[in-house]
Amino acid sequence: MMRGYGTKYGLLVTLGVLWSLCGAETQASQLMPRLVVNIMVDQLRSDYMDAFSQLYGEGGFKLLMREGAFYSQAEYPFARPDLASASACVQCGTSPYDNGIPGLRWLDRQTLIPVHCVDDTDAKGVFTHGGASPLRLRVSTIGDELKVATKGKGIVLSVAHGKEAAVLSAGHAADGAFWINVPDGAWCTSSYYGATPAWLGGYNDISKTEGRVEAKSPLASINDEVCNFARYCLQCSGMGLDDDADYLSVSFSAGRNAVKGAVAEELQDTYVRLDYSIANLIDAVCRKVGRERVLFVLTGSGYCDEPEAADLSRYRIPTGVFNITRAQMLLNMYLIAVYGEGQWVETALDNELYLNLKMAEQRNINIDEMLARCSSFLIQLSGVKDVYTRERLALGAWTPGISKLRNAYSPQCSGDIMIQVSPGWSLVNDVTGESRISRESYVCFPLFFFGAGVVPQKVESPVTVDRIAPTVCRALRIRSPNGCAQAPL
């Protein structure tokens, strides 16, 4: 009897374990999202977002703060992000030093001509002039890894008002990246993504974006249009309808164009309508796919320096103008005195100087010594806080204060010398006509996760956005992008 009882008991235990495992597997399967919607808001600021919170509806920012995982202090692991470098970081889970996208543009070493981060002469534009591709993005993205994991079955699409966010968020293996063609307002794409879907032309035939954007608040209207087109993509592409996970990237803007000299009413309108667009998109996705099967991610691109309207000297605040063109000429004269005649400093872009390293090698000049001389000379100029050579950035990767600058640097396309301009000073380039004020103020922006499997919580400790990619990939049960070494949140 005891042996029979033991056998029956053991069988019951085994069946119970198997039943539990089956139940756990079913529950896990239910929590796995069919669709991930990754939303980037260019120039989003927490202080502006909070300032107009009483005017928001219940389905946008308020919903994310109330029922999502809310990280109130998100930041980038590198200095001075823009929309291009931010998009690449979010999608790849790594910094420009590894992903190869330090900004919107940089100089081609061979031609000394500025290169746009996604321009590609081998690709053709569809409903636009000039093709684009992620050719310069050196690592995989979330969408790329999803394509590999699903053997190409998962649908990956990206929608943005500009091509850099659209292309870099789409990745290498996406089914499509779509952006607004500025001259005529049509939605466009690139031949890089293969056959153009018929529904793209159908949408453009309805009416051009140009006629749907209001003159009073064009930025807010563009957000509305991005939302409408994202919903159209969702409807026509069949995303979220089967068990193969899909990925949709959407880029809105709360850009500084609305802040620069803007009155409070215009700024308020931008954020209130942004909230409406986000709520509209969330509602449309949840209605189609089901809230329990969608994972939403929303964050900002960081906040760039902006032109300073006030005359700081009037208030006796230390200020001045650092002219990078003049610094380039002075440094070249100094190097001529040391090494002989030649165009030693080839050009300047933003706060970076590009040296003629080929000529230095031909004359058997020690590059490290030359860079050290340049640094010692430039640090004496008024308005220079510090000077970073490429060697100093490489060797000081783990030094506090240098790590973010190093992460923002790309050995393949950044300059040889990076000049850090003193706070309050303007950086001016006579050749390009560009001017910006140097500020080191901390500007906070949020990070939200909402939907499938997300437990509502608020986390006030700082987090870096390169952890978004591994977190999303863990939810999808796929590998993180191949350049990502960060742990999931």
# chains A, B, ... in the order shown; residues from 1 in each chain; ligands from 1
$ residues_around --residues "stretch 99-111 of chain A" --least-positions-apart "4" --cutoff "7 Å" --atoms "only C-alpha atoms" --output "PyMOL selection string"
chain A and resi 82+84-85+88+94-95+115-117+136-139+408-410+413-414
$ residues_around --residues "A:Val37" --least-positions-apart "4" --cutoff "10 Å" --atoms "only C-alpha atoms" --output "ChimeraX atom specification"
/A:157-158,246-250,281-282,285,294-298,450
$ residues_around --residues "A:Tyr276" --least-positions-apart "3" --cutoff "8 Å" --atoms "only C-alpha atoms" --output "list in words"
Tyr56, Gly57, Gly59, Gly60, Val272, Arg273, Ala279 and Asn280 of chain A
$ residues_around --residues "A:Ile437" --least-positions-apart "4" --cutoff "12 Å" --atoms "only C-alpha atoms" --output "PyMOL selection string"
chain A and resi 304-312+319-323+350-351+383+420-428+441
$ residues_around --residues "A:Arg326" --least-positions-apart "2" --cutoff "12 Å" --atoms "only C-alpha atoms" --output "PyMOL selection string"
chain A and resi 321-324+328-333+345+347-348+353+378+381-382+427-431
$ closest_residue --among "A:Ile365, A:Ala79, A:Ala174, A:Leu135" --to "A:Gly154" --atoms "only C-alpha atoms"
A:Ala174
$ select_by_dssp --residues "stretch 236-433 of chain A" --states "alpha helix (DSSP H)" --output "number ranges by chain"
A: 236-237, 264-289, 324-339, 357-362, 367-378, 390-395, 403-407
$ write_last_selection --atoms "C-alpha atoms" --output "JSON list (two decimals), in the first residue's frame"
[["chain", "number", "residue", "atom", "x", "y", "z"],
["A", 236, "CYS", "CA", -2.38, 49.14, -43.61],
["A", 237, "SER", "CA", 0.63, 47.05, -42.61],
["A", 264, "ALA", "CA", 4.02, 81.10, -23.33],
["A", 265, "GLU", "CA", 0.85, 80.58, -25.36],
["A", 266, "GLU", "CA", 2.75, 78.98, -28.28],
["A", 267, "LEU", "CA", 4.80, 76.78, -25.98],
["A", 268, "GLN", "CA", 1.68, 75.71, -24.13],
["A", 269, "ASP", "CA", -0.06, 74.88, -27.40],
["A", 270, "THR", "CA", 2.86, 72.71, -28.51],
["A", 271, "TYR", "CA", 2.83, 70.57, -25.35],
["A", 272, "VAL", "CA", -0.95, 70.32, -25.06],
["A", 273, "ARG", "CA", -1.29, 69.18, -28.67],
["A", 274, "LEU", "CA", 1.71, 66.87, -28.27],
["A", 275, "ASP", "CA", -0.12, 65.26, -25.36],
["A", 276, "TYR", "CA", -3.20, 64.90, -27.56],
["A", 277, "SER", "CA", -1.20, 63.24, -30.36],
["A", 278, "ILE", "CA", 0.41, 60.78, -27.95],
["A", 279, "ALA", "CA", -2.98, 59.94, -26.42],
["A", 280, "ASN", "CA", -4.46, 59.50, -29.89],
["A", 281, "LEU", "CA", -1.70, 57.09, -30.90],
["A", 282, "ILE", "CA", -1.91, 55.07, -27.68],
["A", 283, "ASP", "CA", -5.67, 54.75, -28.03],
["A", 284, "ALA", "CA", -5.49, 53.63, -31.67],
["A", 285, "VAL", "CA", -2.83, 51.00, -30.94],
["A", 286, "CYS", "CA", -4.60, 49.62, -27.87],
["A", 287, "ARG", "CA", -7.90, 49.38, -29.74],
["A", 288, "LYS", "CA", -6.31, 47.37, -32.51],
["A", 289, "VAL", "CA", -3.87, 45.15, -30.64],
["A", 324, "ILE", "CA", 36.36, 78.84, -34.06],
["A", 325, "THR", "CA", 37.39, 80.16, -37.50],
["A", 326, "ARG", "CA", 39.86, 82.59, -35.94],
["A", 327, "ALA", "CA", 41.15, 79.86, -33.61],
["A", 328, "GLN", "CA", 41.72, 77.64, -36.66],
["A", 329, "MET", "CA", 43.82, 80.33, -38.37],
["A", 330, "LEU", "CA", 45.85, 81.12, -35.25],
["A", 331, "LEU", "CA", 46.59, 77.45, -34.60],
["A", 332, "ASN", "CA", 47.66, 76.96, -38.22],
["A", 333, "MET", "CA", 50.08, 79.92, -37.94],
["A", 334, "TYR", "CA", 51.54, 78.42, -34.76],
["A", 335, "LEU", "CA", 52.03, 75.01, -36.38],
["A", 336, "ILE", "CA", 53.71, 76.64, -39.38],
["A", 337, "ALA", "CA", 56.18, 78.26, -37.00],
["A", 338, "VAL", "CA", 56.90, 74.87, -35.41],
["A", 339, "TYR", "CA", 56.73, 72.44, -38.35],
["A", 357, "LEU", "CA", 47.43, 64.12, -40.32],
["A", 358, "LYS", "CA", 48.50, 62.76, -43.70],
["A", 359, "MET", "CA", 50.93, 65.62, -44.20],
["A", 360, "ALA", "CA", 52.23, 65.17, -40.67],
["A", 361, "GLU", "CA", 52.93, 61.48, -41.34],
["A", 362, "GLN", "CA", 54.66, 62.30, -44.64],
["A", 367, "ILE", "CA", 51.24, 62.92, -34.04],
["A", 368, "ASP", "CA", 50.94, 62.66, -30.27],
["A", 369, "GLU", "CA", 53.48, 65.43, -29.80],
["A", 370, "MET", "CA", 51.72, 67.58, -32.40],
["A", 371, "LEU", "CA", 48.35, 67.16, -30.67],
["A", 372, "ALA", "CA", 49.90, 68.01, -27.31],
["A", 373, "ARG", "CA", 51.32, 71.23, -28.79],
["A", 374, "CYS", "CA", 47.91, 72.11, -30.23],
["A", 375, "SER", "CA", 46.25, 71.55, -26.87],
["A", 376, "SER", "CA", 48.79, 73.72, -25.03],
["A", 377, "PHE", "CA", 48.29, 76.53, -27.56],
["A", 378, "LEU", "CA", 44.49, 76.48, -27.69],
["A", 390, "ARG", "CA", 41.52, 62.25, -29.63],
["A", 391, "GLU", "CA", 44.22, 60.56, -27.53],
["A", 392, "ARG", "CA", 43.06, 62.25, -24.34],
["A", 393, "LEU", "CA", 39.48, 61.15, -25.02],
["A", 394, "ALA", "CA", 40.53, 57.57, -25.70],
["A", 395, "LEU", "CA", 42.73, 57.29, -22.61],
["A", 403, "SER", "CA", 33.52, 59.76, -20.22],
["A", 404, "LYS", "CA", 30.53, 61.61, -21.68],
["A", 405, "LEU", "CA", 32.75, 63.55, -24.07],
["A", 406, "ARG", "CA", 34.50, 60.36, -25.13],
["A", 407, "ASN", "CA", 31.18, 58.59, -25.69]]
$ select_by_dssp --residues "stretch 195-427 of chain A" --states "strand (DSSP E)" --output "count of residues only"
42
$ atom_distance --atom1 "atom CA of A:Ser438" --atom2 "atom CA of A:Thr299"
24.1 Å
$ closest_residue --among "A:Leu355, A:Met32, A:Val465, A:Val226" --to "A:Asp244" --atoms "only C-alpha atoms"
A:Met32
$ residues_around --residues "A:Ala173" --least-positions-apart "5" --cutoff "10 Å" --atoms "only C-alpha atoms" --output "list in words"
Pro134, Ser140, Thr141, Gly143, Asp144, Glu145, Leu146, Lys147, Val148, Gly152, Ile155, Val156, Leu157, Tyr192 and Tyr193 of chain A
$ closest_residue --among "A:Gly451, A:Pro462, A:Arg479, A:Leu489" --to "A:Leu63" --atoms "only C-alpha atoms"
A:Gly451
